[in-house]
Amino acid sequence: MSLWTPDGEHRVEREAARAEPESAPEDDPLAGLSPEQREQAMAMAAEMDEVRRQLASAPASVVIANHAMGMYELAAIHLSAQPP
C-alpha cells in the first residue's frame with residue numbers, strides 16, 4: 001500500500017501501523033476533567049458523531065452546492081460594500 005504526498009508516493013506497511021501499542025489510560029484527554037465536564041464532553045462528541053453521520057449520508061453534490069452558495073453570498077456581501 002502507498003500514500004501519496006506532494007513529495008511523491010511513500011510505501012506504508014499495514015502491519016507496522018497495527019503493531020503500535022494502544023494508548024495508555026494516563027493518555028486519556030478527558031483525565032483532568034470533572035465528572036460533569038467529562039459528561040458534557042462525551043455528549044458533545046456523540047453530537048459531533050451524529051452530525052458526521054448525517055453529512056456522510058448526504059450526496060456530495062448537495063454539500064458542494066451548499067458551500068458554493070455560501071461563497072456566492074459572501075462574495076455578494078463584500079462586493080456590495082462601499083468600496084467593494
# chains A, B, ... in the order shown; residues from 1 in each chain; ligands from 1
$ residues_around --residues "A:Leu3" --least-positions-apart "3" --cutoff "12 Å" --atoms "only C-alpha atoms" --output "list of chain:residue names"
A:Pro6, A:Asp7, A:Gly8, A:Glu9, A:His10, A:Arg11, A:Val12, A:Glu13, A:Arg14
$ atom_distance --atom1 "atom CA of A:Ser80" --atom2 "atom CA of A:Val63"
26.0 Å
$ select_by_dssp --residues "chain A" --states "strand (DSSP E)" --output "PyMOL selection string"
chain A and resi 2-5+8-11
$ closest_residue --among "A:Met42, A:Ala68, A:Met48, A:Arg53" --to "A:Pro29" --atoms "only C-alpha atoms"
A:Met42
$ select_by_dssp --residues "stretch 4-67 of chain A" --states "helix (DSSP H, G or I)" --output "PyMOL selection string"
chain A and resi 14-18+25-27+35-57+60-67
$ write_last_selection --atoms "N, CA and C atoms" --output "mmCIF file, in the first residue's frame"
data_model
loop_
_atom_site.group_PDB
_atom_site.id
_atom_site.type_symbol
_atom_site.label_atom_id
_atom_site.label_comp_id
_atom_site.auth_asym_id
_atom_site.auth_seq_id
_atom_site.Cartn_x
_atom_site.Cartn_y
_atom_site.Cartn_z
ATOM 1 N N ARG A 14 1.106 -1.897 6.499
ATOM 2 C CA ARG A 14 -0.068 -2.043 7.353
ATOM 3 C C ARG A 14 0.284 -2.703 8.679
ATOM 4 N N GLU A 15 1.137 -3.698 8.674
ATOM 5 C CA GLU A 15 1.481 -4.409 9.898
ATOM 6 C C GLU A 15 2.170 -3.489 10.895
ATOM 7 N N ALA A 16 2.996 -2.575 10.425
ATOM 8 C CA ALA A 16 3.690 -1.654 11.326
ATOM 9 C C ALA A 16 2.693 -0.744 12.022
ATOM 10 N N ALA A 17 1.650 -0.337 11.311
ATOM 11 C CA ALA A 17 0.649 0.536 11.916
ATOM 12 C C ALA A 17 -0.139 -0.205 12.984
ATOM 13 N N ARG A 18 -0.393 -1.486 12.767
ATOM 14 C CA ARG A 18 -1.144 -2.274 13.748
ATOM 15 C C ARG A 18 -0.302 -2.633 14.957
ATOM 16 N N PRO A 25 -4.059 4.437 29.573
ATOM 17 C CA PRO A 25 -5.137 5.199 30.209
ATOM 18 C C PRO A 25 -4.693 6.573 30.692
ATOM 19 N N GLU A 26 -3.416 6.736 31.063
ATOM 20 C CA GLU A 26 -2.953 8.043 31.519
ATOM 21 C C GLU A 26 -2.872 9.047 30.379
ATOM 22 N N ASP A 27 -2.988 8.573 29.131
ATOM 23 C CA ASP A 27 -3.011 9.463 27.974
ATOM 24 C C ASP A 27 -4.429 9.934 27.656
ATOM 25 N N PRO A 35 -16.325 15.168 36.637
ATOM 26 C CA PRO A 35 -17.350 14.272 36.069
ATOM 27 C C PRO A 35 -18.377 15.012 35.209
ATOM 28 N N GLU A 36 -18.750 16.224 35.614
ATOM 29 C CA GLU A 36 -19.719 16.996 34.834
ATOM 30 C C GLU A 36 -19.120 17.412 33.489
ATOM 31 N N GLN A 37 -17.859 17.874 33.519
ATOM 32 C CA GLN A 37 -17.194 18.277 32.289
ATOM 33 C C GLN A 37 -16.976 17.078 31.371
ATOM 34 N N ARG A 38 -16.644 15.931 31.954
ATOM 35 C CA ARG A 38 -16.451 14.710 31.178
ATOM 36 C C ARG A 38 -17.755 14.309 30.502
ATOM 37 N N GLU A 39 -18.858 14.386 31.230
ATOM 38 C CA GLU A 39 -20.166 14.046 30.661
ATOM 39 C C GLU A 39 -20.523 15.002 29.526
ATOM 40 N N GLN A 40 -20.242 16.304 29.728
ATOM 41 C CA GLN A 40 -20.521 17.293 28.687
ATOM 42 C C GLN A 40 -19.656 17.025 27.450
ATOM 43 N N ALA A 41 -18.386 16.704 27.641
ATOM 44 C CA ALA A 41 -17.500 16.407 26.522
ATOM 45 C C ALA A 41 -17.967 15.164 25.773
ATOM 46 N N MET A 42 -18.396 14.149 26.495
ATOM 47 C CA MET A 42 -18.887 12.932 25.850
ATOM 48 C C MET A 42 -20.164 13.213 25.061
ATOM 49 N N ALA A 43 -21.049 14.065 25.595
ATOM 50 C CA ALA A 43 -22.276 14.425 24.887
ATOM 51 C C ALA A 43 -21.943 15.204 23.611
ATOM 52 N N MET A 44 -20.975 16.111 23.694
ATOM 53 C CA MET A 44 -20.568 16.871 22.511
ATOM 54 C C MET A 44 -19.961 15.947 21.461
ATOM 55 N N ALA A 45 -19.166 14.977 21.891
ATOM 56 C CA ALA A 45 -18.566 14.031 20.958
ATOM 57 C C ALA A 45 -19.639 13.192 20.274
ATOM 58 N N ALA A 46 -20.655 12.775 21.027
ATOM 59 C CA ALA A 46 -21.752 11.999 20.442
ATOM 60 C C ALA A 46 -22.523 12.837 19.424
ATOM 61 N N GLU A 47 -22.731 14.115 19.744
ATOM 62 C CA GLU A 47 -23.430 15.006 18.815
ATOM 63 C C GLU A 47 -22.610 15.211 17.544
ATOM 64 N N MET A 48 -21.295 15.374 17.691
ATOM 65 C CA MET A 48 -20.432 15.531 16.522
ATOM 66 C C MET A 48 -20.451 14.272 15.664
ATOM 67 N N ASP A 49 -20.470 13.093 16.295
ATOM 68 C CA ASP A 49 -20.550 11.844 15.533
ATOM 69 C C ASP A 49 -21.842 11.768 14.747
ATOM 70 N N GLU A 50 -22.942 12.219 15.332
ATOM 71 C CA GLU A 50 -24.228 12.219 14.635
ATOM 72 C C GLU A 50 -24.201 13.171 13.447
ATOM 73 N N VAL A 51 -23.620 14.351 13.620
ATOM 74 C CA VAL A 51 -23.517 15.308 12.519
ATOM 75 C C VAL A 51 -22.647 14.734 11.404
ATOM 76 N N ARG A 52 -21.532 14.087 11.759
ATOM 77 C CA ARG A 52 -20.675 13.447 10.749
ATOM 78 C C ARG A 52 -21.441 12.372 9.991
ATOM 79 N N ARG A 53 -22.255 11.580 10.720
ATOM 80 C CA ARG A 53 -23.039 10.533 10.080
ATOM 81 C C ARG A 53 -24.026 11.142 9.089
ATOM 82 N N GLN A 54 -24.692 12.232 9.494
ATOM 83 C CA GLN A 54 -25.653 12.889 8.610
ATOM 84 C C GLN A 54 -24.951 13.466 7.381
ATOM 85 N N LEU A 55 -23.798 14.088 7.591
ATOM 86 C CA LEU A 55 -23.053 14.675 6.471
ATOM 87 C C LEU A 55 -22.567 13.591 5.517
ATOM 88 N N ALA A 56 -22.121 12.465 6.064
ATOM 89 C CA ALA A 56 -21.652 11.364 5.222
ATOM 90 C C ALA A 56 -22.784 10.757 4.407
ATOM 91 N N SER A 57 -24.021 10.831 4.908
ATOM 92 C CA SER A 57 -25.147 10.247 4.180
ATOM 93 C C SER A 57 -25.691 11.192 3.106
ATOM 94 N N ALA A 60 -22.655 14.120 -2.181
ATOM 95 C CA ALA A 60 -21.575 15.105 -2.276
ATOM 96 C C ALA A 60 -22.022 16.334 -3.062
ATOM 97 N N SER A 61 -22.853 16.143 -4.071
ATOM 98 C CA SER A 61 -23.303 17.280 -4.882
ATOM 99 C C SER A 61 -24.082 18.293 -4.051
ATOM 100 N N VAL A 62 -24.846 17.820 -3.082
ATOM 101 C CA VAL A 62 -25.623 18.722 -2.222
ATOM 102 C C VAL A 62 -24.685 19.511 -1.316
ATOM 103 N N VAL A 63 -23.695 18.843 -0.764
ATOM 104 C CA VAL A 63 -22.742 19.512 0.130
ATOM 105 C C VAL A 63 -21.949 20.561 -0.645
ATOM 106 N N ILE A 64 -21.475 20.208 -1.838
ATOM 107 C CA ILE A 64 -20.687 21.139 -2.647
ATOM 108 C C ILE A 64 -21.549 22.327 -3.084
ATOM 109 N N ALA A 65 -22.787 22.069 -3.481
ATOM 110 C CA ALA A 65 -23.682 23.163 -3.886
ATOM 111 C C ALA A 65 -23.945 24.099 -2.712
ATOM 112 N N ASN A 66 -24.092 23.551 -1.524
ATOM 113 C CA ASN A 66 -24.318 24.374 -0.335
ATOM 114 C C ASN A 66 -23.126 25.292 -0.087
ATOM 115 N N HIS A 67 -21.923 24.744 -0.191
ATOM 116 C CA HIS A 67 -20.728 25.568 0.011
ATOM 117 C C HIS A 67 -20.582 26.615 -1.088
#
